[in-house]
file work_27.tsv (TSV, C-alpha atoms)
chain	number	residue	atom	x	y	z
Q	98	MET	CA	12.22	15.94	-7.05
Q	99	GLN	CA	13.62	15.08	-3.63
Q	100	THR	CA	14.52	11.48	-2.95
Q	101	VAL	CA	14.38	9.37	0.18
Q	102	GLY	CA	15.88	6.05	1.17
Q	103	LEU	CA	13.77	2.91	0.91
Q	104	GLY	CA	14.29	1.16	4.22
Q	105	ASP	CA	17.76	-0.33	4.52
Q	106	THR	CA	17.98	-1.34	0.85
Q	107	GLY	CA	20.35	1.44	-0.22
Q	108	VAL	CA	17.83	2.42	-2.91
Q	109	ARG	CA	16.56	5.98	-3.11
Q	110	THR	CA	13.13	6.76	-4.48
Q	111	SER	CA	10.99	9.84	-5.02
Q	112	ALA	CA	9.67	11.56	-1.91
Q	113	MET	CA	6.22	11.41	-3.50
Q	114	SER	CA	4.80	8.33	-5.24
Q	115	LEU	CA	2.27	8.49	-8.07
Q	116	GLY	CA	-0.64	6.16	-7.39
Q	117	CYS	CA	-1.90	4.54	-10.58
Q	118	MET	CA	-5.05	2.84	-9.32
Q	119	TYR	CA	-7.37	4.29	-11.93
Q	120	VAL	CA	-5.14	4.70	-14.97
Q	121	GLY	CA	-6.67	2.70	-17.79
Q	122	THR	CA	-10.14	2.66	-16.20
Q	123	ARG	CA	-11.58	5.89	-14.77
Q	124	ILE	CA	-8.65	7.79	-16.24
Q	125	ASP	CA	-8.45	7.21	-19.99
Q	126	ARG	CA	-5.28	6.42	-21.89
Q	127	GLU	CA	-4.66	9.96	-23.13
Q	128	LEU	CA	-4.95	11.58	-19.72
Q	129	SER	CA	-3.07	8.73	-18.03
Q	130	PHE	CA	-0.13	9.30	-20.35
Q	131	LYS	CA	-0.20	13.05	-19.64
Q	132	LEU	CA	-0.15	12.47	-15.89
Q	133	LEU	CA	2.68	9.97	-16.12
Q	134	ASP	CA	4.67	12.24	-18.45
Q	135	ARG	CA	4.27	15.19	-16.11
Q	136	TYR	CA	5.19	13.27	-12.96
Q	137	VAL	CA	8.31	11.78	-14.53
Q	138	GLY	CA	9.11	15.12	-16.15
Q	139	THR	CA	9.48	16.65	-12.68
Q	140	GLY	CA	11.95	13.93	-11.70
Q	141	GLY	CA	9.41	11.55	-10.20
Q	142	THR	CA	10.22	7.85	-10.39
Q	143	PHE	CA	8.02	5.93	-7.92
Q	144	LEU	CA	4.97	4.42	-9.67
Q	145	ASP	CA	2.51	2.49	-7.51
Q	146	THR	CA	-0.01	-0.04	-8.84
Q	147	ALA	CA	-1.40	-3.52	-8.10
Q	148	ASN	CA	-2.42	-6.64	-9.97
Q	149	CYS	CA	-6.10	-5.90	-9.23
Q	150	TYR	CA	-6.57	-2.22	-10.17
Q	151	ALA	CA	-9.35	-1.50	-10.71
Q	152	PHE	CA	-11.44	-4.71	-10.89
Q	153	TRP	CA	-14.43	-3.08	-9.15
Q	154	ILE	CA	-15.05	-0.65	-12.00
Q	155	GLU	CA	-17.86	-1.84	-14.26
Q	156	GLY	CA	-16.39	-3.62	-17.28
Q	157	ALA	CA	-12.90	-3.84	-15.77
Q	158	SER	CA	-10.92	-6.99	-14.94
Q	159	GLY	CA	-8.13	-5.65	-12.71
Q	160	ASP	CA	-5.50	-5.93	-15.45
Q	161	GLU	CA	-5.92	-2.36	-16.68
Q	162	SER	CA	-3.51	-0.36	-14.53
Q	163	GLU	CA	-0.53	-2.67	-15.03
Q	164	GLU	CA	-1.32	-2.94	-18.74
Q	165	LEU	CA	-1.42	0.82	-19.23
Q	166	LEU	CA	1.83	1.31	-17.32
Q	167	GLY	CA	3.44	-1.34	-19.50
Q	168	GLN	CA	2.26	0.41	-22.65
Q	169	TRP	CA	3.45	3.79	-21.40
Q	170	MET	CA	6.88	2.49	-20.38
Q	171	LYS	CA	7.36	0.77	-23.72
Q	172	LEU	CA	6.27	3.73	-25.85
Q	173	ARG	CA	8.31	6.19	-23.80
Q	174	GLY	CA	11.32	3.91	-23.39
Q	175	ALA	CA	11.04	4.74	-19.71
Q	176	ARG	CA	11.49	1.42	-17.93
Q	177	ASP	CA	14.96	2.22	-16.61
Q	178	ASP	CA	13.85	5.68	-15.48
Q	179	VAL	CA	11.14	4.56	-13.06
Q	180	PHE	CA	10.79	2.48	-9.90
Q	181	VAL	CA	7.77	0.22	-10.38
Q	182	ALA	CA	5.85	-1.13	-7.40
Q	183	THR	CA	2.98	-3.56	-7.75
Q	184	LYS	CA	1.09	-5.83	-5.39
Q	185	VAL	CA	-0.22	-9.37	-5.06
Q	186	GLY	CA	-2.80	-11.01	-2.83
Q	187	ALA	CA	-5.92	-8.83	-2.94
Q	188	ARG	CA	-7.28	-9.72	-6.36
Q	189	PRO	CA	-10.46	-11.84	-6.22
Q	190	ALA	CA	-9.56	-15.45	-6.92
Q	191	PHE	CA	-12.37	-15.78	-9.47
Q	192	SER	CA	-14.54	-13.55	-11.61
Q	193	GLY	CA	-17.36	-12.03	-9.61
Q	194	GLY	CA	-15.67	-12.85	-6.32
Q	195	ARG	CA	-16.30	-10.69	-3.29
Q	196	TRP	CA	-13.62	-8.55	-1.76
Q	197	PRO	CA	-11.89	-9.18	0.57
Q	198	GLU	CA	-13.56	-12.50	1.36
Q	199	ASP	CA	-12.51	-14.06	-1.96
Q	200	ALA	CA	-9.09	-12.44	-2.26
Q	201	GLN	CA	-6.49	-14.74	-3.79
Q	202	GLY	CA	-4.23	-14.57	-0.74
Q	203	LEU	CA	-0.49	-15.05	-0.41
Q	204	SER	CA	0.21	-18.71	-0.98
Q	205	ALA	CA	3.44	-19.57	-2.79
Q	206	ALA	CA	1.46	-20.79	-5.79
Q	207	VAL	CA	-0.39	-17.48	-6.12
Q	208	ILE	CA	2.77	-15.39	-5.74
Q	209	ILE	CA	4.81	-17.43	-8.22
Q	210	GLU	CA	2.02	-17.55	-10.82
Q	211	ASP	CA	0.85	-13.96	-10.49
Q	212	VAL	CA	4.25	-12.34	-10.73
Q	213	GLU	CA	4.48	-13.74	-14.26
Q	214	ARG	CA	1.14	-12.17	-15.15
Q	215	SER	CA	2.22	-8.82	-13.72
Q	216	LEU	CA	5.52	-8.96	-15.62
Q	217	ARG	CA	3.66	-9.60	-18.88
Q	218	ARG	CA	1.18	-6.79	-18.31
Q	219	LEU	CA	3.96	-4.39	-17.32
Q	220	GLN	CA	6.08	-5.53	-20.29
Q	221	THR	CA	9.18	-5.79	-18.14
Q	222	ASP	CA	11.57	-8.43	-16.87
Q	223	ARG	CA	11.60	-7.27	-13.24
Q	224	ILE	CA	9.48	-5.53	-10.64
Q	225	ASP	CA	11.32	-3.10	-8.39
Q	226	LEU	CA	9.05	-3.51	-5.36
Q	227	TYR	CA	6.55	-6.34	-4.86
Q	228	TYR	CA	4.03	-5.89	-2.06
Q	229	ALA	CA	2.00	-8.37	-0.08
Q	230	HIS	CA	-1.20	-6.40	-0.66
Q	231	LEU	CA	-3.19	-7.73	2.31
Q	232	ASP	CA	-2.27	-9.78	5.34
Q	233	ASP	CA	-3.20	-13.43	4.74
Q	234	ARG	CA	-3.61	-15.16	8.09
Q	235	LYS	CA	-4.52	-18.47	6.42
Q	236	THR	CA	-1.13	-18.92	4.77
Q	237	PRO	CA	2.00	-19.44	6.92
Q	238	LEU	CA	4.29	-16.44	6.77
Q	239	GLU	CA	7.18	-18.78	6.00
Q	240	GLU	CA	5.47	-19.91	2.79
Q	241	THR	CA	4.80	-16.35	1.64
Q	242	LEU	CA	8.24	-15.04	2.48
Q	243	GLU	CA	10.09	-17.98	0.93
Q	244	ALA	CA	8.18	-17.42	-2.32
Q	245	PHE	CA	9.20	-13.75	-2.33
Q	246	ALA	CA	12.80	-14.78	-1.65
Q	247	ARG	CA	12.69	-17.20	-4.56
Q	248	LEU	CA	11.58	-14.40	-6.88
Q	249	VAL	CA	14.35	-12.10	-5.66
Q	250	ARG	CA	16.93	-14.82	-6.33
Q	251	ALA	CA	15.48	-15.28	-9.81
Q	252	GLY	CA	15.80	-11.55	-10.51
Q	253	LYS	CA	12.07	-11.14	-11.12
Q	254	ILE	CA	11.60	-8.78	-8.19
Q	255	ARG	CA	14.16	-6.58	-6.43
Q	256	HIS	CA	12.59	-5.74	-3.08
Q	257	VAL	CA	9.58	-6.80	-1.01
Q	258	GLY	CA	7.12	-4.79	1.06
Q	259	CYS	CA	3.77	-5.24	2.71
Q	260	SER	CA	0.52	-3.33	2.93
Q	261	ASN	CA	-2.49	-3.34	5.24
Q	262	THR	CA	-0.60	-5.36	7.84
Q	263	ALA	CA	-0.55	-5.03	11.62
Q	264	THR	CA	2.72	-3.94	13.20
Q	265	TRP	CA	3.24	-7.20	15.10
Q	266	ARG	CA	2.79	-9.18	11.90
Q	267	ILE	CA	5.35	-7.00	10.13
Q	268	GLU	CA	7.86	-7.62	12.90
Q	269	ARG	CA	7.18	-11.36	12.90
Q	270	ALA	CA	7.65	-11.49	9.13
Q	271	ARG	CA	10.92	-9.58	9.35
Q	272	GLN	CA	12.19	-11.91	12.08
Q	273	ILE	CA	11.41	-14.94	9.91
Q	274	SER	CA	13.16	-13.38	6.91
Q	275	ARG	CA	16.25	-12.50	8.93
Q	276	ALA	CA	16.43	-15.97	10.46
Q	277	ASN	CA	16.34	-17.58	7.01
Q	278	GLY	CA	18.52	-15.11	5.15
Q	279	TRP	CA	15.59	-13.97	3.01
Q	280	PRO	CA	14.89	-10.39	1.87
Q	281	ALA	CA	12.82	-8.69	4.57
Q	282	TYR	CA	9.96	-6.27	4.10
Q	283	CYS	CA	11.66	-2.91	3.53
Q	284	CYS	CA	8.52	-0.80	3.57
Q	285	VAL	CA	4.86	-0.82	4.49
Q	286	GLN	CA	2.00	0.97	2.77
Q	287	GLN	CA	-1.00	1.86	4.94
Q	288	LYS	CA	-3.84	4.36	4.90
Q	289	TYR	CA	-2.66	7.71	6.30
Q	290	THR	CA	-3.62	11.36	6.45
Q	291	TYR	CA	-3.32	14.36	8.75
Q	292	LEU	CA	-6.62	13.80	10.53
Q	293	ARG	CA	-6.72	10.98	13.04
Q	294	PRO	CA	-9.43	8.32	12.93
Q	295	ALA	CA	-12.25	8.63	15.42
Q	296	PRO	CA	-11.84	6.27	18.39
Q	297	GLY	CA	-13.04	2.75	17.63
Q	298	ARG	CA	-13.29	3.25	13.89
Q	299	ASP	CA	-12.62	0.12	11.87
Q	300	PHE	CA	-11.30	0.31	8.30
Q	301	GLY	CA	-11.90	-3.37	7.64
Q	302	PRO	CA	-8.99	-5.02	5.82
Q	303	GLN	CA	-7.29	-1.66	5.41
Q	304	GLN	CA	-4.85	-0.62	8.13
Q	305	PHE	CA	-4.32	2.98	9.25
Q	306	VAL	CA	-0.84	4.09	10.29
Q	307	SER	CA	-0.70	3.91	14.08
Q	308	GLN	CA	1.70	5.54	16.51
Q	309	GLU	CA	3.04	2.06	17.22
Q	310	LEU	CA	3.86	1.61	13.54
Q	311	LEU	CA	5.52	5.04	13.38
Q	312	ASP	CA	7.71	4.17	16.35
Q	313	TYR	CA	8.55	0.71	15.02
Q	314	CYS	CA	9.48	1.89	11.53
Q	315	ALA	CA	11.61	4.75	12.86
Q	316	ALA	CA	13.52	2.35	15.12
Q	317	ASP	CA	13.89	-0.45	12.57
Q	318	ASP	CA	14.53	1.57	9.37
Q	319	VAL	CA	11.34	0.56	7.58
Q	320	THR	CA	9.86	3.11	5.17
Q	321	ILE	CA	6.18	4.02	5.44
Q	322	LEU	CA	4.06	4.97	2.45
Q	323	GLY	CA	0.67	6.57	3.05
Q	324	TYR	CA	-2.26	6.03	0.70
Q	325	SER	CA	-5.44	8.14	0.54
Q	326	PRO	CA	-3.60	11.10	2.11
Q	327	LEU	CA	-6.11	13.69	0.85
Q	328	LEU	CA	-9.31	11.81	1.72
Q	329	LEU	CA	-10.64	12.00	-1.83
Q	330	GLY	CA	-10.60	15.80	-1.76
Q	331	ALA	CA	-12.45	16.25	1.54
Q	332	TYR	CA	-9.93	18.82	2.82
Q	333	THR	CA	-10.68	21.31	0.05
Q	334	ARG	CA	-13.71	20.36	-2.05
Q	335	ALA	CA	-17.13	21.67	-1.07
Q	336	ASP	CA	-18.78	18.69	-2.75
Q	337	ARG	CA	-16.84	16.17	-0.64
Q	338	SER	CA	-17.85	15.72	2.97
Q	339	MET	CA	-15.39	14.57	5.60
Q	340	PRO	CA	-15.63	10.78	5.98
Q	341	ASP	CA	-17.36	9.70	9.19
Q	342	GLU	CA	-14.26	7.70	10.16
Q	343	PHE	CA	-12.40	10.98	10.65
Q	344	ARG	CA	-15.01	12.85	12.68
Q	345	GLY	CA	-13.44	12.57	16.11
Q	346	PRO	CA	-12.89	14.71	19.21
Q	347	ASP	CA	-9.83	16.45	17.74
Q	348	THR	CA	-11.04	16.89	14.15
Q	349	ASP	CA	-12.02	20.56	14.48
Q	350	ALA	CA	-8.76	21.49	16.21
Q	351	ARG	CA	-6.64	19.79	13.56
Q	352	LEU	CA	-8.60	21.31	10.70
Q	353	ALA	CA	-8.22	24.75	12.29
Q	354	ALA	CA	-4.44	24.29	12.56
Q	355	LEU	CA	-4.27	23.06	8.98
Q	356	ARG	CA	-6.20	26.05	7.64
Q	357	ALA	CA	-4.25	28.55	9.71
Q	358	ILE	CA	-0.90	27.29	8.48
Q	359	SER	CA	-2.17	27.05	4.90
Q	360	SER	CA	-3.06	30.74	5.12
Q	361	GLU	CA	0.29	31.68	6.66
Q	362	ILE	CA	2.37	30.14	3.90
Q	363	GLY	CA	0.04	30.63	0.94
Q	364	ALA	CA	-0.44	26.93	0.24
Q	365	THR	CA	-3.57	24.82	-0.06
Q	366	PRO	CA	-4.61	22.52	2.77
Q	367	ASN	CA	-3.86	19.56	0.51
Q	368	GLN	CA	-0.31	20.79	0.00
Q	369	VAL	CA	0.20	21.29	3.72
Q	370	VAL	CA	-1.03	17.74	4.42
Q	371	LEU	CA	1.45	16.31	1.92
Q	372	ALA	CA	4.30	18.52	3.14
Q	373	TRP	CA	3.56	17.55	6.76
Q	374	MET	CA	3.79	13.86	5.82
Q	375	MET	CA	7.06	14.26	3.93
Q	376	GLN	CA	8.67	16.45	6.60
Q	377	SER	CA	7.55	14.50	9.67
Q	378	ALA	CA	9.79	12.14	11.60
Q	379	PRO	CA	9.80	9.51	10.33
Q	380	ALA	CA	9.16	10.90	6.87
Q	381	ILE	CA	6.19	9.36	5.08
Q	382	ILE	CA	6.05	8.91	1.31
Q	383	PRO	CA	2.56	10.02	0.20
Q	384	VAL	CA	0.95	8.03	-2.58
Q	385	VAL	CA	-0.99	10.65	-4.53
Q	386	ALA	CA	-3.70	9.68	-7.00
Q	387	ALA	CA	-4.50	12.62	-9.25
Q	388	GLY	CA	-7.48	12.36	-11.59
Q	389	THR	CA	-6.79	15.60	-13.47
Q	390	GLU	CA	-3.76	17.56	-14.56
Q	391	GLU	CA	-4.71	20.34	-12.15
Q	392	GLN	CA	-4.81	17.95	-9.21
Q	393	LEU	CA	-1.39	16.59	-10.08
Q	394	GLU	CA	0.05	20.11	-10.32
Q	395	GLU	CA	-1.33	20.90	-6.87
Q	396	ASP	CA	0.21	17.72	-5.47
Q	397	LEU	CA	3.59	18.33	-7.06
Q	398	ALA	CA	3.69	21.89	-5.73
Q	399	ALA	CA	3.65	20.43	-2.21
Q	400	LEU	CA	7.26	19.39	-2.82
Q	401	ASP	CA	8.22	23.08	-2.63
Q	402	VAL	CA	6.31	23.78	0.60
Q	403	ARG	CA	8.62	24.17	3.58
Q	404	LEU	CA	7.11	24.02	7.05
Q	405	SER	CA	9.02	25.59	9.92
Q	406	PRO	CA	9.74	23.58	13.06
Q	407	ASP	CA	7.09	25.66	14.84
Q	408	GLN	CA	4.50	24.92	12.16
Q	409	LEU	CA	5.27	21.22	12.21
Q	410	GLN	CA	4.92	21.22	15.98
Q	411	ARG	CA	1.60	23.09	15.84
Q	412	LEU	CA	0.23	20.64	13.31
Q	413	GLN	CA	1.39	17.68	15.35
Q	414	ARG	CA	0.08	18.96	18.68
Q	415	ALA	CA	-3.29	20.21	17.45
Q	416	GLY	CA	-6.06	18.44	19.33
Q	417	ALA	CA	-3.60	16.58	21.55
call {"tool": "encode", "arguments": {"input": "work_27.tsv", "output": "structure tokens"}}
result
Amino acid sequence: MQTVGLGDTGVRTSAMSLGCMYVGTRIDRELSFKLLDRYVGTGGTFLDTANCYAFWIEGASGDESEELLGQWMKLRGARDDVFVATKVGARPAFSGGRWPEDAQGLSAAVIIEDVERSLRRLQTDRIDLYYAHLDDRKTPLEETLEAFARLVRAGKIRHVGCSNTATWRIERARQISRANGWPAYCCVQQKYTYLRPAPGRDFGPQQFVSQELLDYCAADDVTILGYSPLLLGAYTRADRSMPDEFRGPDTDARLAALRAISSEIGATPNQVVLAWMMQSAPAIIPVVAAGTEEQLEEDLAALDVRLSPDQLQRLQRAGA
């Protein structure tokens, strides 16, 4: 599998990350192990989870994804072969809490306490990438960033990133980290796909990758990861309608370009979306969340799709 640099860290990770939101809950242990084995078997290394996946499933607590990954890494002896990313801040602070109103937030106490819980569930002594899962405007950035720095110094985490955070807040956080000699956010994970949101659409606490963020990250060497790149199958599945948030004035034009290029190169629309993300400038790491072996095979095949400069330009300009 191709690799890409992670910000300015000097670390290289897989060009495609495997999202593990539903392993251990909607995806049972047997299938979860098969998906992980297949992804790593192709040379994949970048595993993405969080300390709250998937608490909203009936009967789940939010421990399940990290626990299953820990079991898989231990049984396979795979800890040194993978790059593990997990997140803190979005888990409800108490059982039955609402999300995001009751999210635990990013105080130093939460970060220091919850990293220990994640380490135990993952059965490891370090986390490769620790994300601030949501922006916490109630906690001073200095408090959050100093706590992350403390964990890096202790060897419990290697790198820090953020998710669902506005561009200006990312820049402010990086300025604070640089001023204090602390590790800065090296990457940001936001919602992203080929279709553009309709004007005025609000994703709530989630943040969609904006042109401003693309420009900022390209100029400042910050890696972008895109989650929900395939819109839960809406590009290809007849039983999945296109979300209202993506029904805008250029939707038809972009879908037409996507289908035309898919036909030209003999790839599925999903594969073209993923290839477009990975081959754009700046390159985006898609976080794919396969629920079946067939879905994962389709995702992985996107790594072999090569779009010509003309095709990339047509995709980018469609609906402009």
call {"tool": "atom_distance", "arguments": {"input": "work_27.tsv", "atom1": "atom CA of Q:Val120", "atom2": "atom CA of Q:Pro340"}}
result
24.2 Å
call {"tool": "closest_residue", "arguments": {"input": "work_27.tsv", "among": "Q:Leu393, Q:Met339, Q:Ile381, Q:Ala357", "to": "Q:Asp134", "atoms": "only C-alpha atoms"}}
result
Q:Leu393
call {"tool": "closest_atom_pairs", "arguments": {"input": "work_27.tsv", "of": "stretch 356-378 of chain Q", "to": "stretch 311-315 of chain Q", "cutoff": "12 Å", "atoms": "all atoms listed in the file", "output": "Markdown table"}}
result
| residue | atom | partner | partner_atom | distance |
| --- | --- | --- | --- | --- |
| Q:Met374 | CA | Q:Leu311 | CA | 11.7 |
| Q:Ser377 | CA | Q:Leu311 | CA | 10.4 |
| Q:Ala378 | CA | Q:Ala315 | CA | 7.7 |
call {"tool": "write_last_selection", "arguments": {"input": "work_27.tsv", "atoms": "C-alpha atoms", "output": "compact mmCIF listing (two decimals), in the frame of the given file"}}
result
# COMPACT_ATOMS: atom_id res chain seq x y z
CA MET Q 374 3.79 13.86 5.82
CA SER Q 377 7.55 14.50 9.67
CA ALA Q 378 9.79 12.14 11.60
call {"tool": "closest_residue", "arguments": {"input": "work_27.tsv", "among": "Q:Tyr227, Q:Tyr136, Q:Phe152, Q:Phe300", "to": "Q:Leu397", "atoms": "all atoms listed in the file"}}
result
Q:Tyr136
call {"tool": "closest_residue", "arguments": {"input": "work_27.tsv", "among": "Q:Ser338, Q:Thr122, Q:Asn277, Q:Ser359", "to": "Q:Ala157", "atoms": "all atoms listed in the file"}}
result
Q:Thr122
call {"tool": "residues_around", "arguments": {"input": "work_27.tsv", "residues": "Q:Thr389", "least_positions_apart": "4", "cutoff": "12 Å", "atoms": "only C-alpha atoms", "output": "tab-separated table (two decimals) with C-alpha atoms, keeping the file's coordinate frame"}}
result
chain	number	residue	atom	x	y	z
Q	119	TYR	CA	-7.37	4.29	-11.93
Q	120	VAL	CA	-5.14	4.70	-14.97
Q	123	ARG	CA	-11.58	5.89	-14.77
Q	124	ILE	CA	-8.65	7.79	-16.24
Q	125	ASP	CA	-8.45	7.21	-19.99
Q	127	GLU	CA	-4.66	9.96	-23.13
Q	128	LEU	CA	-4.95	11.58	-19.72
Q	129	SER	CA	-3.07	8.73	-18.03
Q	130	PHE	CA	-0.13	9.30	-20.35
Q	131	LYS	CA	-0.20	13.05	-19.64
Q	132	LEU	CA	-0.15	12.47	-15.89
Q	133	LEU	CA	2.68	9.97	-16.12
Q	135	ARG	CA	4.27	15.19	-16.11
Q	385	VAL	CA	-0.99	10.65	-4.53
Q	393	LEU	CA	-1.39	16.59	-10.08
Q	394	GLU	CA	0.05	20.11	-10.32
Q	395	GLU	CA	-1.33	20.90	-6.87
Q	396	ASP	CA	0.21	17.72	-5.47
call {"tool": "axis_aligned_box", "arguments": {"input": "work_27.tsv", "around": "stretch 401-414 of chain Q", "padding_each_side": "4 Å", "output": "AutoDock Vina command-line options"}}
result
--center_x 4.9 --center_y 21.7 --center_z 8.0 --size_x 17.7 --size_y 16.0 --size_z 29.3
call {"tool": "closest_residue", "arguments": {"input": "work_27.tsv", "among": "Q:Thr221, Q:Thr183, Q:Thr139, Q:Thr110", "to": "Q:Ala398", "atoms": "all atoms listed in the file"}}
result
Q:Thr139
call {"tool": "build_atoms", "arguments": {"input": "work_27.tsv", "residues": "stretch 188-203 of chain Q", "atoms": "N, CA and C atoms", "output": "PDB file, in the frame of the given file"}}
result
ATOM      1  N   ARG Q 188      -6.393  -9.518  -5.218  1.00  0.00           N
ATOM      2  CA  ARG Q 188      -7.280  -9.720  -6.360  1.00  0.00           C
ATOM      3  C   ARG Q 188      -8.242 -10.871  -6.075  1.00  0.00           C
ATOM      4  N   PRO Q 189      -9.537 -10.717  -6.420  1.00  0.00           N
ATOM      5  CA  PRO Q 189     -10.460 -11.840  -6.220  1.00  0.00           C
ATOM      6  C   PRO Q 189      -9.965 -13.078  -6.979  1.00  0.00           C
ATOM      7  N   ALA Q 190     -10.091 -14.215  -6.353  1.00  0.00           N
ATOM      8  CA  ALA Q 190      -9.560 -15.450  -6.920  1.00  0.00           C
ATOM      9  C   ALA Q 190     -10.352 -15.932  -8.125  1.00  0.00           C
ATOM     10  N   PHE Q 191     -11.553 -15.386  -8.316  1.00  0.00           N
ATOM     11  CA  PHE Q 191     -12.370 -15.780  -9.470  1.00  0.00           C
ATOM     12  C   PHE Q 191     -13.255 -14.620  -9.860  1.00  0.00           C
ATOM     13  N   SER Q 192     -13.703 -14.622 -11.101  1.00  0.00           N
ATOM     14  CA  SER Q 192     -14.540 -13.550 -11.610  1.00  0.00           C
ATOM     15  C   SER Q 192     -15.824 -13.446 -10.810  1.00  0.00           C
ATOM     16  N   GLY Q 193     -16.158 -12.233 -10.406  1.00  0.00           N
ATOM     17  CA  GLY Q 193     -17.360 -12.030  -9.610  1.00  0.00           C
ATOM     18  C   GLY Q 193     -17.166 -12.266  -8.138  1.00  0.00           C
ATOM     19  N   GLY Q 194     -15.936 -12.593  -7.731  1.00  0.00           N
ATOM     20  CA  GLY Q 194     -15.670 -12.850  -6.320  1.00  0.00           C
ATOM     21  C   GLY Q 194     -15.808 -11.607  -5.475  1.00  0.00           C
ATOM     22  N   ARG Q 195     -16.157 -11.805  -4.210  1.00  0.00           N
ATOM     23  CA  ARG Q 195     -16.300 -10.690  -3.290  1.00  0.00           C
ATOM     24  C   ARG Q 195     -14.936 -10.298  -2.726  1.00  0.00           C
ATOM     25  N   TRP Q 196     -14.860  -9.042  -2.331  1.00  0.00           N
ATOM     26  CA  TRP Q 196     -13.620  -8.550  -1.760  1.00  0.00           C
ATOM     27  C   TRP Q 196     -13.904  -8.022  -0.372  1.00  0.00           C
ATOM     28  N   PRO Q 197     -13.119  -8.381   0.653  1.00  0.00           N
ATOM     29  CA  PRO Q 197     -11.890  -9.180   0.570  1.00  0.00           C
ATOM     30  C   PRO Q 197     -12.080 -10.667   0.805  1.00  0.00           C
ATOM     31  N   GLU Q 198     -13.337 -11.096   0.994  1.00  0.00           N
ATOM     32  CA  GLU Q 198     -13.560 -12.500   1.360  1.00  0.00           C
ATOM     33  C   GLU Q 198     -12.945 -13.478   0.356  1.00  0.00           C
ATOM     34  N   ASP Q 199     -12.990 -13.138  -0.924  1.00  0.00           N
ATOM     35  CA  ASP Q 199     -12.510 -14.060  -1.960  1.00  0.00           C
ATOM     36  C   ASP Q 199     -11.162 -13.645  -2.535  1.00  0.00           C
ATOM     37  N   ALA Q 200     -10.419 -12.837  -1.796  1.00  0.00           N
ATOM     38  CA  ALA Q 200      -9.090 -12.440  -2.260  1.00  0.00           C
ATOM     39  C   ALA Q 200      -8.198 -13.656  -2.446  1.00  0.00           C
ATOM     40  N   GLN Q 201      -7.319 -13.598  -3.426  1.00  0.00           N
ATOM     41  CA  GLN Q 201      -6.490 -14.740  -3.790  1.00  0.00           C
ATOM     42  C   GLN Q 201      -5.526 -15.161  -2.688  1.00  0.00           C
ATOM     43  N   GLY Q 202      -5.131 -14.219  -1.825  1.00  0.00           N
ATOM     44  CA  GLY Q 202      -4.230 -14.570  -0.740  1.00  0.00           C
ATOM     45  C   GLY Q 202      -2.775 -14.627  -1.152  1.00  0.00           C
ATOM     46  N   LEU Q 203      -1.939 -15.122  -0.246  1.00  0.00           N
ATOM     47  CA  LEU Q 203      -0.490 -15.050  -0.410  1.00  0.00           C
ATOM     48  C   LEU Q 203       0.179 -16.415  -0.328  1.00  0.00           C
TER      49      LEU Q 203
END
